[in-house]
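Scroll down for the structure; my scribbles are underneath it.
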Amino acid sequence: MKLKFFKTNELLVAWGIAVILSFPIQSVESQVSKRFFKPTEESFKQYCCPEWFRDAKLGFWAHWGPQAVPRQGDWYARRMYIEGDPAYKYHVAHYGHPSEFGYKDIIPLWKAERWNPEKLMALFKKAGAKYFVTMGTHHDNFFLWDSRLHPWNSVNWGPHKDVVGLWREAAKKEGLRFGVSEHLGASFTWFRPSHGADKTGPKAGVPYDGNDPMYQDLYHAPAESDDTGWYSKNKEWQREWMFFIKELLDKYQPDLLYSDGPFPFGEYGRNLIAYFYNRNMERNNGKLEAVYTCKQASQGMWVEDIERGLKDSISEIPWQIDTSIGDWYYR
């Protein structure tokens with residue numbers, strides 16, 4: 001869980017496939033080609049940050065999901081597959097070896113049985129929040145929305161609830177702007193350790209459960225040996241990412257979208273963000289109320305986010321800081 005998000009301009013407090021591959025990128029391009037924003041850097045220079053975001057100095061972010069279950073902090077779904085890591089040791093001691101009990105088996109343990117989004121949202125508003133952001137999906141490739149494209153989601157597994165949808169209802173009830181965060185872009189290479197095996201000990205060479213083709217829709221296919229960056233070079237994955245996040249945008253129509261990383265995936269990212277801006281304008285009678293934020297400066301084409309940091313000087317362009325009072329997941 002997360003508890004805090006800043007902005008000095010905005011403080012956001014955090015607490016606490018086959019079907020897709022059949023869609024050509026042209027289907028998104030065609031939807032943006034006749035709109036105000038085109039998927040080009042030159043077109044993005046027209047972006048003007050909406051007044052609501054300039055004025056919203058505080059927001060809360062629910063950074064929450066199955067990785068909170070073991071209470072071992074951030075990146076548990078990756079670290080539990082790294083032999084010798086504290087999370088690996090904890091996992092073996094409390095759940096079993098990751099060849100037998102993997103992250104797929106952690107997911108059903110996340111129940112959210114005492115979660116009360118309306119009560120929490122009222123508290124956030126009382127604290128002074130002007131906007132609220134929920135995680136849509138973390139690097140673990142588990143979606144917190146009712147997805148028709150991806151089976152590993154919070155309606156099919158775990159809480160059996162549309163977490164994003166219920167957060168959205170609560171935010172709208174309190175009059176708060178609503179945002180979603182996506183950490184999915186990095187997932188393809190982030191999950192690489194799940195395809196490994198112990199190098200030493202009694203389980204040396206025994207494949208972790210990420211090697212099982214039955215669970216490839218969660219752990220992905222193994223990345224190529226030279227595909228080691230934050231964002232994968234795999235074009236099929238980049239296209240999947242675009243349509244996954246498009247579904248999130250279409251279903252919940254957020255005011256804000258955050259990507260955990262620099263601007264993702266070239267033409268796929270540009271098409272998605274142009275689509276996001278244009279659809280937002282359609283819903284607001286031609287007025288742009290959308291905010292896209294990621295960890296990359298843009299000279300105003302989108303809002304720069306800084307994780308646990310500050311700018312070293314005053315900026316005329318709005319920007320956002322995200323931070324937490326502890327680890328990004330409960331520890």
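Ligands are numbered from 1 in the order shown, chains are lettered A, B, ... in the order of the structure tokens, and residues start at 1 in each chain.
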Next item on the list: Could you give me, as a PyMOL selection string, each residue of stretch 36-215 of chain A that DSSP assigns to alpha helix (DSSP H) when run on this structure's backbone?
Entry: chain A and resi 41-44+51-55+76-79+86-94+103-106+117-126+163-173+187-190
Notebook entry, point to check: What is the distance, in Å and to one decimal place, between atom CA of A:Glu289 and atom CA of A:Pro50?
Noted result: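 So the answer is 5.3 Å.
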Notebook entry, point to check: For the atom pair atom CA of A:Pro222 and atom CA of A:Gly196, what is the interatomic distance in Å to one decimal place?
Noted result: 9.5 Å
Margin query: Neighbouring residues of stretch 100-108 of chain A were defined as those with any atom within 6 Å, considering only C-alpha atoms; residues of the same chain fewer than 6 positions away were excluded. Please report them as a ChimeraX atom specification.
Written below: /A:66,77,157-158,209
With N, CA and C atoms retained, could you export that selection as a compact mmCIF listing (two decimals), in the first residue's frame?
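The resulting file, result-v4.txt, is shown below:
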```
# COMPACT_ATOMS: atom_id res chain seq x y z
N PRO A 66 -2.07 -7.59 -5.37
CA PRO A 66 -1.68 -8.86 -4.75
C PRO A 66 -0.29 -8.86 -4.12
N ALA A 77 6.68 -9.75 -6.72
CA ALA A 77 6.42 -10.73 -7.78
C ALA A 77 7.65 -11.01 -8.63
N TRP A 157 -10.11 -13.06 -10.36
CA TRP A 157 -9.22 -13.59 -9.32
C TRP A 157 -9.22 -12.67 -8.10
N GLY A 158 -8.80 -13.23 -6.96
CA GLY A 158 -8.61 -12.41 -5.77
C GLY A 158 -9.90 -11.85 -5.22
N ASP A 209 7.79 -21.65 -11.85
CA ASP A 209 6.50 -21.84 -12.52
C ASP A 209 6.29 -20.92 -13.71
```
Item checked: stretch 221-324 of chain A: residues DSSP assigns to strand (DSSP E), reported as JSON, numbers by chain -> {"A": [256, 257, 258, 259, 291, 292, 293, 294, 303, 304, 305, 306, 307, 319, 320, 321, 322, 323]}
Per residue of stretch 175-273 of chain A within 8 Å of stretch 132-141 of chain A, note the shortest atom pair and the distance in Å to one decimal, counting only C-alpha atoms, and order the rows by chain and increasing residue number, as a tab-separated table.
```
residue	atom	partner	partner_atom	distance
A:Leu176	CA	A:Phe132	CA	6.5
A:Arg177	CA	A:Phe132	CA	6.2
A:Phe178	CA	A:Phe132	CA	5.2
A:Gly179	CA	A:Val133	CA	4.2
A:Val180	CA	A:Thr134	CA	5.0
A:Ser181	CA	A:Met135	CA	4.7
A:Glu182	CA	A:Thr137	CA	5.4
A:His183	CA	A:His138	CA	4.6
A:Leu184	CA	A:His139	CA	5.1
A:Gly185	CA	A:His139	CA	7.5
A:Ala186	CA	A:His139	CA	6.1
A:Ser187	CA	A:His139	CA	4.4
A:Trp190	CA	A:His139	CA	6.8
A:Phe191	CA	A:Asp140	CA	7.3
A:Leu218	CA	A:Asn141	CA	6.1
A:Tyr219	CA	A:Asn141	CA	7.5
A:Leu248	CA	A:Gly136	CA	7.6
A:Leu256	CA	A:Val133	CA	7.8
```
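Atom CA of A:Ala112 to atom CA of A:Pro159 spans 5.5 Å [interatomic distance, one decimal].
When only C-alpha atoms are used to compute distances to A:Gly84, the closest of the residues A:Ala197, A:Val164, A:Leu120, A:Val69 turns out to be A:Ala197.
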Check: Between A:Pro213, A:Glu113, A:Thr323, A:Tyr329, which has the minimum distance to A:Phe60 (counting only C-alpha atoms)?
Finding: A:Thr323
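Shell of stretch 302-308 of chain A at 6 Å, with only C-alpha atoms counted and residues fewer than 6 places along the chain excluded, is Tyr292, Thr293, Cys294, Lys295, Gln296, Trp319, Gln320, Ile321, Asp322 and Thr323 of chain A.
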Next item on the list: Tell me which of A:Glu83, A:Trp237, A:Arg192, A:His94 sits closest to A:Ser225, counting only C-alpha atoms.
Entry: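 Ranked by minimum distance to A:Ser225, first place goes to A:Arg192.
Residue nearest A:Gly73, chosen from A:Trp110, A:Trp61, A:Tyr90, A:Tyr95 and counting only C-alpha atoms: A:Tyr90.
Taking only C-alpha atoms into account, A:Asn211 lies nearest to A:Pro98 out of the set A:Pro98, A:Pro86, A:Gly286, A:Gly269.
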Check: Given the choices A:Glu236, A:Lys38, A:Asn284, A:Tyr231, which gets closest to A:Pro264 if the distance is worked out from only C-alpha atoms?
Finding: A:Tyr231
